[in-house]
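**Q** Sharing my_file-v4.cif here; it has mmCIF, C-alpha atoms.
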data_final
#
loop_
_atom_site.label_atom_id
_atom_site.label_comp_id
_atom_site.auth_asym_id
_atom_site.auth_seq_id
_atom_site.Cartn_x
_atom_site.Cartn_y
_atom_site.Cartn_z
CA MET A 1 -127.39 12.02 -48.40
CA ILE A 2 -124.73 12.19 -51.11
CA GLY A 3 -122.55 14.29 -48.82
CA ARG A 4 -122.80 11.74 -46.02
CA ALA A 5 -121.96 8.91 -48.42
CA LYS A 6 -118.85 10.76 -49.58
CA GLN A 7 -117.82 11.34 -45.97
CA CYS A 8 -118.29 7.64 -45.25
CA LEU A 9 -116.16 6.78 -48.29
CA TYR A 10 -113.43 9.10 -47.09
CA LEU A 11 -113.37 7.41 -43.66
CA LEU A 12 -113.38 3.89 -45.09
CA LYS A 13 -110.30 4.59 -47.20
CA ASP A 14 -108.26 4.99 -44.03
CA TYR A 15 -109.19 1.43 -42.98
CA GLU A 16 -108.66 -0.05 -46.46
CA GLN A 17 -112.06 -1.72 -46.45
CA LEU A 18 -112.25 -2.38 -50.19
CA SER A 19 -115.63 -4.11 -50.19
CA PHE A 20 -117.27 -1.26 -48.28
CA ILE A 21 -115.56 1.29 -50.50
CA VAL A 22 -116.99 -0.36 -53.62
CA LEU A 23 -120.42 -0.50 -51.98
CA VAL A 24 -120.38 3.21 -51.08
CA GLN A 25 -119.18 4.09 -54.58
CA ASP A 26 -122.12 2.19 -56.05
CA ILE A 27 -124.47 4.01 -53.69
CA LEU A 28 -122.99 7.35 -54.78
CA LYS A 29 -123.50 6.50 -58.46
CA THR A 30 -127.09 5.45 -57.79
CA LEU A 31 -127.87 8.58 -55.81
CA SER A 32 -126.30 10.80 -58.45
CA ARG A 33 -128.37 9.11 -61.17
CA MET A 34 -131.55 9.46 -59.10
CA LYS A 35 -130.77 13.13 -58.47
CA ALA A 36 -130.30 13.78 -62.19
CA GLU A 37 -133.53 11.95 -63.05
CA LEU A 38 -135.45 13.90 -60.41
CA LEU A 39 -134.14 17.26 -61.59
CA ASN A 40 -134.88 16.42 -65.23
CA ALA A 41 -138.42 15.40 -64.28
CA VAL A 42 -138.96 18.66 -62.36
CA VAL A 43 -137.62 20.77 -65.24
CA SER A 44 -139.80 18.92 -67.77
CA SER A 45 -142.85 19.35 -65.56
CA LEU A 46 -142.25 23.10 -65.16
CA GLN A 47 -141.73 23.52 -68.89
CA ARG A 48 -145.01 21.75 -69.64
CA ARG A 49 -146.80 23.73 -66.93
CA PHE A 50 -145.71 27.17 -68.16
CA LYS A 51 -145.47 26.45 -71.88
CA CYS A 52 -148.81 28.14 -72.51
CA VAL A 53 -147.57 31.36 -70.89
CA GLU A 54 -144.88 31.77 -73.55
CA SER A 55 -147.41 31.43 -76.37
CA GLU A 56 -150.36 33.20 -74.70
CA LYS A 57 -150.79 36.44 -76.63
CA VAL A 58 -153.16 37.98 -74.07
CA LEU A 59 -150.64 37.60 -71.23
CA GLN A 60 -147.83 38.94 -73.40
CA ALA A 61 -149.93 41.93 -74.38
CA ALA A 62 -150.88 42.61 -70.75
CA SER A 63 -147.23 42.49 -69.71
CA CYS A 64 -146.37 44.89 -72.53
CA ILE A 65 -148.97 47.41 -71.35
CA LEU A 66 -148.45 47.19 -67.60
CA ASP A 67 -144.65 47.43 -67.29
CA PRO A 68 -143.50 50.97 -68.24
CA ARG A 69 -139.87 50.02 -67.62
CA GLU A 70 -139.99 47.95 -70.83
CA TRP A 71 -141.38 50.77 -72.94
CA PRO A 72 -138.99 52.29 -75.51
CA LYS A 73 -137.30 55.58 -74.66
CA ASP A 74 -137.34 56.87 -78.22
CA THR A 75 -140.33 59.18 -78.80
CA GLY A 76 -141.01 57.80 -82.28
CA GLU A 77 -141.04 54.20 -81.11
CA LEU A 78 -143.10 55.10 -78.04
CA ALA A 79 -145.83 56.65 -80.20
CA SER A 80 -146.74 53.31 -81.78
CA TYR A 81 -145.70 51.06 -78.90
CA GLY A 82 -148.45 48.89 -77.45
CA ASN A 83 -151.14 49.95 -79.91
CA GLU A 84 -151.62 46.48 -81.37
CA GLU A 85 -151.45 44.87 -77.93
CA LEU A 86 -154.09 47.24 -76.53
CA LEU A 87 -156.35 46.52 -79.52
CA LEU A 88 -155.95 42.78 -78.93
CA LEU A 89 -156.82 43.18 -75.24
CA THR A 90 -159.88 45.34 -75.83
CA ASN A 91 -161.16 42.84 -78.40
CA HIS A 92 -160.48 39.89 -76.10
CA PHE A 93 -162.24 41.48 -73.11
CA ALA A 94 -164.84 43.35 -75.18
CA GLN A 95 -167.89 41.97 -73.37
CA VAL A 96 -166.46 42.55 -69.91
CA LEU A 97 -165.30 46.07 -70.74
CA ASP A 98 -168.66 46.90 -72.29
CA ARG A 99 -170.44 45.89 -69.05
CA MET A 100 -167.98 48.08 -67.13
CA GLY A 101 -168.93 51.06 -69.30
CA CYS A 102 -165.51 51.37 -70.91
CA ASP A 103 -165.11 53.45 -74.07
CA CYS A 104 -162.42 51.35 -75.77
CA ASP A 105 -161.95 53.78 -78.68
CA ALA A 106 -161.23 56.66 -76.30
CA ALA A 107 -158.86 54.47 -74.31
CA ARG A 108 -156.88 53.42 -77.40
CA HIS A 109 -156.77 56.66 -79.40
CA LYS A 110 -156.82 59.36 -76.72
CA GLU A 111 -155.90 58.13 -73.24
CA TRP A 112 -153.23 55.53 -74.09
CA PRO A 113 -150.97 57.89 -76.16
CA SER A 114 -151.22 60.57 -73.47
CA ALA A 115 -150.56 58.12 -70.62
CA LYS A 116 -147.46 56.71 -72.34
CA VAL A 117 -145.86 60.14 -72.67
CA LEU A 118 -146.76 61.10 -69.11
CA ILE A 119 -145.51 57.86 -67.51
CA LYS A 120 -142.32 57.72 -69.57
CA SER A 121 -141.46 61.28 -68.52
CA LEU A 122 -141.25 60.16 -64.89
CA LEU A 123 -138.00 59.12 -63.22
CA PRO A 124 -137.21 55.40 -63.72
CA GLY A 125 -137.79 54.70 -60.03
CA LEU A 126 -141.30 56.16 -60.22
CA GLN A 127 -142.37 54.45 -63.43
CA LYS A 128 -142.91 51.04 -61.84
CA ASP A 129 -145.62 52.48 -59.54
CA ALA A 130 -147.18 54.74 -62.15
CA TRP A 131 -150.41 52.77 -62.54
CA ARG A 132 -150.88 52.67 -58.77
CA ASP A 133 -150.41 56.44 -58.61
CA PHE A 134 -152.98 56.87 -61.38
CA PHE A 135 -155.55 54.93 -59.34
CA LEU A 136 -154.85 57.04 -56.25
CA ASP A 137 -155.05 60.40 -58.04
CA ASP A 138 -158.63 61.69 -58.52
CA HIS A 139 -157.60 63.87 -61.46
CA ARG A 140 -155.89 60.97 -63.24
CA GLN A 141 -158.85 58.70 -62.55
CA ASN A 142 -161.13 61.12 -64.35
CA GLU A 143 -158.71 61.88 -67.19
CA TYR A 144 -157.86 58.24 -67.89
CA LYS A 145 -161.03 56.54 -66.65
CA ASN A 146 -161.38 54.18 -69.63
CA LEU A 147 -157.72 53.20 -69.74
CA LEU A 148 -157.74 52.54 -65.99
CA LEU A 149 -160.70 50.19 -66.39
CA ILE A 150 -158.56 48.15 -68.78
CA ALA A 151 -155.55 48.34 -66.45
CA GLU A 152 -157.70 47.26 -63.50
CA LEU A 153 -158.80 44.21 -65.47
CA LEU A 154 -155.23 43.34 -66.50
CA LEU A 155 -153.82 43.68 -62.99
CA VAL A 156 -155.70 40.57 -61.84
CA LEU A 157 -153.92 38.41 -64.43
CA PRO A 158 -151.12 36.22 -63.00
CA LEU A 159 -148.10 37.56 -64.89
CA SER A 160 -145.59 36.01 -62.49
CA THR A 161 -145.14 33.10 -60.09
CA ALA A 162 -145.05 35.36 -57.02
CA ALA A 163 -148.23 33.79 -55.61
CA CYS A 164 -146.69 30.31 -55.92
CA GLU A 165 -143.50 31.49 -54.23
CA ARG A 166 -145.49 32.94 -51.33
CA GLY A 167 -147.31 29.61 -51.04
CA PHE A 168 -144.00 27.72 -50.81
CA SER A 169 -142.75 30.15 -48.16
CA SER A 170 -145.92 29.63 -46.11
CA MET A 171 -145.57 25.86 -46.44
CA LYS A 172 -141.98 25.99 -45.15
CA ARG A 173 -143.11 28.02 -42.15
CA ILE A 174 -146.02 25.69 -41.35
CA LYS A 175 -144.49 22.27 -42.06
CA ASN A 176 -141.20 22.67 -40.23
CA ASP A 177 -139.03 20.06 -38.53
CA TRP A 178 -141.32 19.99 -35.50
CA ARG A 179 -144.46 19.44 -37.59
CA SER A 180 -143.15 17.18 -40.34
CA SER A 181 -145.89 14.56 -39.82
CA LEU A 182 -148.75 16.88 -40.83
CA SER A 183 -151.19 15.19 -43.18
CA VAL A 184 -151.86 16.63 -46.63
CA ASP A 185 -155.39 17.61 -45.61
CA SER A 186 -154.23 19.44 -42.46
CA LEU A 187 -151.43 21.16 -44.35
CA HIS A 188 -153.89 22.30 -47.03
CA LYS A 189 -156.23 23.80 -44.43
CA LEU A 190 -153.42 25.55 -42.56
CA LEU A 191 -152.02 26.93 -45.81
CA PHE A 192 -155.44 28.25 -46.79
CA ILE A 193 -155.77 29.99 -43.43
CA SER A 194 -152.25 31.43 -43.67
CA ILE A 195 -152.65 32.76 -47.23
CA GLU A 196 -156.34 33.70 -47.38
CA GLY A 197 -157.17 34.22 -43.71
CA PRO A 198 -157.49 37.53 -41.88
CA GLU A 199 -154.66 39.28 -40.10
CA LEU A 200 -154.01 38.16 -36.53
CA ASP A 201 -154.93 41.61 -35.20
CA SER A 202 -158.43 41.37 -36.70
CA PHE A 203 -159.04 37.67 -35.97
CA ASP A 204 -161.42 36.80 -33.14
CA GLY A 205 -160.71 33.24 -32.01
CA LYS A 206 -163.43 33.14 -29.36
CA LYS A 207 -166.02 31.58 -31.68
CA ILE A 208 -163.55 28.92 -32.83
CA VAL A 209 -162.72 27.97 -29.24
CA GLU A 210 -166.39 27.82 -28.28
CA ARG A 211 -167.18 25.59 -31.25
CA TRP A 212 -164.27 23.27 -30.49
CA HIS A 213 -165.29 23.09 -26.82
CA SER A 214 -168.94 22.34 -27.64
CA GLN A 215 -168.18 19.39 -29.96
CA ARG A 216 -167.66 16.98 -27.05
CA ALA A 217 -166.90 16.95 -23.36
CA ARG A 218 -163.39 18.18 -22.56
CA ARG A 219 -161.32 17.24 -19.55
CA VAL A 220 -160.65 20.15 -17.25
CA LEU A 221 -157.05 20.51 -16.20
CA LEU A 222 -156.62 21.68 -12.62
#
Take the structure from the file and write it as structure tokens.

**A**
Amino acid sequence: MIGRAKQCLYLLKDYEQLSFIVLVQDILKTLSRMKAELLNAVVSSLQRRFKCVESEKVLQAASCILDPREWPKDTGELASYGNEELLLLTNHFAQVLDRMGCDCDAARHKEWPSAKVLIKSLLPGLQKDAWRDFFLDDHRQNEYKNLLLIAELLLVLPLSTAACERGFSSMKRIKNDWRSSLSVDSLHKLLFISIEGPELDSFDGKKIVERWHSQRARRVLL
């Protein structure tokens, strides 16, 4: 809109229409002020929304444990790295871990020091997938069974906004220029199907069609 107003102002200058020029300039100032107010409101809203993440010790500790790329390279620093965070996590999730049969002492004092050395010895490109490889390796699952119970619990925590970004991408695909009049309720249902629904290859639409057809009489097109 601001771009079109500037283009209009540029054209009006050629015809020396002073009154229209002043009008368009006022419109530009108003639009610029509205744009600034909108952006400030969005930034303030995001800061309020994610303020707790910056001060949430559990999320910070989980991020510290799960991302080997952030671990120190120095052997001395690596030996003590994450010990306090792992203690905080095991205390926070003590009841859940106890029901899962996790030996937290073994995880902290035996498995965690060994896992740090093993993961950090990998090539940088392999470190990011180290936990996944641990889950897929039967030997590692047995050797680090208690630590992997903790990691499995931490991996469900939302440490990033990737899920939100995927939701926005789905919304852009669904509510495009040809479907801009979708109601909020319809958009919500379509988004839920897109994000949580089954893959198209495994979806059987026959039951849906039969239900839709049985709701009321349908006109047959010849």

**Q** Work out how far CA of Ala94 (chain A) is from CA of Lys120 (chain A), in Å to one decimal.

**A**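 A separation of 27.3 Å between them.
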
**Q** Please identify all polymer residues within 9 Å of Trp131 (chain A), counting all atoms listed in the file, omitting same-chain residues fewer than 5 positions from it, and present them as a list in words.

**A**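 The residues satisfying every condition are Leu66, Ile119, Leu136, Leu148 and Ala151 of chain A.
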
**Q** Output the selection as a PDB file, keeping the file's coordinate frame - C-alpha atoms for each residue.

**A**
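The new file result.pdb reads:
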ATOM      1  CA  LEU A  66    -148.450  47.190 -67.600  1.00  0.00           C
ATOM      2  CA  ILE A 119    -145.510  57.860 -67.510  1.00  0.00           C
ATOM      3  CA  LEU A 136    -154.850  57.040 -56.250  1.00  0.00           C
ATOM      4  CA  LEU A 148    -157.740  52.540 -65.990  1.00  0.00           C
ATOM      5  CA  ALA A 151    -155.550  48.340 -66.450  1.00  0.00           C
TER       6      ALA A 151
END

**Q** Give me the residues near Leu78 (chain A) as a ChimeraX atom specification, where near means some atom within 12 Å (using all atoms listed in the file) and where sequence neighbours in that chain fewer than 3 positions away do not count.

**A** /A:65,68,70-75,81-83,112-121

**Q** Apply the PyMOL selection byres ((chain A and resi 186-197) around 12) to the displayed file and report the matching residues as a list in words.

**A**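 Matching residues under the PyMOL selection byres ((chain A and resi 186-197) around 12) are Ala163, Cys164, Glu165, Arg166, Gly167, Phe168, Ser169, Ser170, Met171, Lys172, Arg173, Ile174, Lys175, Asn176, Arg179, Ser180, Ser181, Leu182, Ser183, Val184, Asp185, Pro198, Glu199, Leu200, Asp201, Ser202, Phe203 and Asp204 of chain A.
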
**Q** Pick out the closest residue to Val96 (chain A) from this set: A:Ala62, A:Glu152, A:Lys128, A:Val209. Count only C-alpha atoms.

**A**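 Residue with the minimum atom-to-atom distance to Val96 (chain A): A:Glu152.
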
**Q** Skip Leu157 (chain A) itself and residues of its chain fewer than 3 positions away, then list as a list in words all residues within 12 Å of it, counting all atoms listed in the file.

**A**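 The neighbour list is Val53, Val58, Leu59, Gln60, Ala61, Ala62, Ser63, Leu66, Ile150, Ala151, Glu152, Leu153, Leu154, Ser160, Thr161, Ala162 and Ala163 of chain A.
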
**Q** With distances taken over all atoms listed in the file, which residue among A:Gly205, A:Glu37, A:Arg69, A:Glu56 lies nearest Leu88 (chain A)?

**A**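 Among the listed residues, the smallest separation from Leu88 (chain A) belongs to A:Glu56.
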
**Q** With all atoms listed in the file as the counted atoms, please give the residues lying no more than 10 Å from Phe134 (chain A), apart from itself and same-chain residues fewer than 4 positions off, as JSON, numbers by chain.

**A** {"A": [115, 119, 129, 130, 138, 139, 140, 141, 142, 143, 144, 145, 148]}

**Q** What is the CA of Leu147 (chain A)-CA of Phe93 (chain A) distance in Å, reported with one decimal?

**A**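 A separation of 13.0 Å between them.
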
**Q** Tell me which of A:Leu149, A:Ala36, A:Val42, A:Leu126 sits closest to Thr90 (chain A), counting all atoms listed in the file.

**A**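 Once distances to Thr90 (chain A) are computed over all atoms listed in the file, the minimum belongs to A:Leu149.
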
**Q** In Å, how far is it from CA of Asn91 (chain A) to CA of Glu77 (chain A)?

**A** 23.3 Å

**Q** Draw an axis-aligned box tight on the listed atoms of region 175-188 of chain A, then pad every side by 6 Å and write out centre and edge lengths in Å to one decimal as JSON.

**A**
{"center_x": -147.2, "center_y": 18.6, "center_z": -41.3, "size_x": 28.4, "size_y": 20.1, "size_z": 23.5}

**Q** Some atoms are absent from region 135-171 of chain A, so rebuild N, CA and C atoms and return them as a CSV table (one decimal), keeping the file's coordinate frame.

**A**
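The file below, selection19.csv, is the result:
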chain,number,residue,atom,x,y,z
A,135,PHE,N,-154.3,55.3,-60.1
A,135,PHE,CA,-155.6,54.9,-59.3
A,135,PHE,C,-155.8,55.8,-58.1
A,136,LEU,N,-154.7,56.3,-57.5
A,136,LEU,CA,-154.8,57.0,-56.2
A,136,LEU,C,-155.1,58.5,-56.5
A,137,ASP,N,-154.9,59.0,-57.7
A,137,ASP,CA,-155.0,60.4,-58.0
A,137,ASP,C,-156.4,60.6,-58.7
A,138,ASP,N,-157.3,61.4,-58.0
A,138,ASP,CA,-158.6,61.7,-58.5
A,138,ASP,C,-158.6,62.3,-59.9
A,139,HIS,N,-157.7,63.2,-60.1
A,139,HIS,CA,-157.6,63.9,-61.5
A,139,HIS,C,-157.2,62.9,-62.5
A,140,ARG,N,-156.3,62.0,-62.3
A,140,ARG,CA,-155.9,61.0,-63.2
A,140,ARG,C,-157.0,60.0,-63.5
A,141,GLN,N,-157.7,59.6,-62.4
A,141,GLN,CA,-158.8,58.7,-62.6
A,141,GLN,C,-159.9,59.2,-63.5
A,142,ASN,N,-160.1,60.5,-63.5
A,142,ASN,CA,-161.1,61.1,-64.4
A,142,ASN,C,-160.6,61.3,-65.8
A,143,GLU,N,-159.3,61.6,-65.9
A,143,GLU,CA,-158.7,61.9,-67.2
A,143,GLU,C,-158.5,60.6,-68.0
A,144,TYR,N,-158.2,59.5,-67.2
A,144,TYR,CA,-157.9,58.2,-67.9
A,144,TYR,C,-158.8,57.1,-67.4
A,145,LYS,N,-160.1,57.5,-67.2
A,145,LYS,CA,-161.0,56.5,-66.6
A,145,LYS,C,-161.2,55.3,-67.5
A,146,ASN,N,-161.2,55.4,-68.8
A,146,ASN,CA,-161.4,54.2,-69.6
A,146,ASN,C,-160.1,53.3,-69.6
A,147,LEU,N,-159.0,53.9,-69.7
A,147,LEU,CA,-157.7,53.2,-69.7
A,147,LEU,C,-157.5,52.5,-68.4
A,148,LEU,N,-157.9,53.1,-67.3
A,148,LEU,CA,-157.7,52.5,-66.0
A,148,LEU,C,-158.7,51.4,-65.8
A,149,LEU,N,-159.8,51.4,-66.5
A,149,LEU,CA,-160.7,50.2,-66.4
A,149,LEU,C,-160.0,49.0,-67.0
A,150,ILE,N,-159.3,49.2,-68.1
A,150,ILE,CA,-158.6,48.2,-68.8
A,150,ILE,C,-157.4,47.7,-67.9
A,151,ALA,N,-156.7,48.7,-67.3
A,151,ALA,CA,-155.6,48.3,-66.4
A,151,ALA,C,-156.0,47.6,-65.2
A,152,GLU,N,-157.2,48.0,-64.7
A,152,GLU,CA,-157.7,47.3,-63.5
A,152,GLU,C,-158.0,45.8,-63.8
A,153,LEU,N,-158.5,45.6,-65.0
A,153,LEU,CA,-158.8,44.2,-65.5
A,153,LEU,C,-157.5,43.4,-65.7
A,154,LEU,N,-156.5,44.0,-66.2
A,154,LEU,CA,-155.2,43.3,-66.5
A,154,LEU,C,-154.5,43.0,-65.2
A,155,LEU,N,-154.6,43.9,-64.2
A,155,LEU,CA,-153.8,43.7,-63.0
A,155,LEU,C,-154.2,42.4,-62.2
A,156,VAL,N,-155.3,41.8,-62.5
A,156,VAL,CA,-155.7,40.6,-61.8
A,156,VAL,C,-155.1,39.3,-62.5
A,157,LEU,N,-154.5,39.5,-63.7
A,157,LEU,CA,-153.9,38.4,-64.4
A,157,LEU,C,-152.6,38.0,-63.8
A,158,PRO,N,-152.4,36.7,-63.6
A,158,PRO,CA,-151.1,36.2,-63.0
A,158,PRO,C,-150.0,36.3,-64.0
A,159,LEU,N,-149.2,37.4,-64.0
A,159,LEU,CA,-148.1,37.6,-64.9
A,159,LEU,C,-146.8,37.0,-64.3
A,160,SER,N,-146.8,36.5,-63.1
A,160,SER,CA,-145.6,36.0,-62.5
A,160,SER,C,-146.0,34.9,-61.6
A,161,THR,N,-144.9,34.2,-61.0
A,161,THR,CA,-145.1,33.1,-60.1
A,161,THR,C,-145.0,33.5,-58.6
A,162,ALA,N,-145.2,34.8,-58.4
A,162,ALA,CA,-145.0,35.4,-57.0
A,162,ALA,C,-146.0,34.7,-56.0
A,163,ALA,N,-147.3,34.4,-56.5
A,163,ALA,CA,-148.2,33.8,-55.6
A,163,ALA,C,-147.8,32.4,-55.2
A,164,CYS,N,-147.2,31.7,-56.2
A,164,CYS,CA,-146.7,30.3,-55.9
A,164,CYS,C,-145.5,30.4,-54.9
A,165,GLU,N,-144.7,31.4,-55.1
A,165,GLU,CA,-143.5,31.5,-54.2
A,165,GLU,C,-143.9,31.8,-52.8
A,166,ARG,N,-145.0,32.6,-52.7
A,166,ARG,CA,-145.5,32.9,-51.3
A,166,ARG,C,-146.1,31.7,-50.7
A,167,GLY,N,-146.7,30.9,-51.5
A,167,GLY,CA,-147.3,29.6,-51.0
A,167,GLY,C,-146.2,28.7,-50.5
A,168,PHE,N,-145.1,28.6,-51.3
A,168,PHE,CA,-144.0,27.7,-50.8
A,168,PHE,C,-143.4,28.2,-49.5
A,169,SER,N,-143.3,29.6,-49.4
A,169,SER,CA,-142.8,30.2,-48.2
A,169,SER,C,-143.7,29.8,-47.0
A,170,SER,N,-145.0,29.9,-47.2
A,170,SER,CA,-145.9,29.6,-46.1
A,170,SER,C,-145.8,28.2,-45.7
A,171,MET,N,-145.7,27.3,-46.7
A,171,MET,CA,-145.6,25.9,-46.4
A,171,MET,C,-144.3,25.5,-45.6
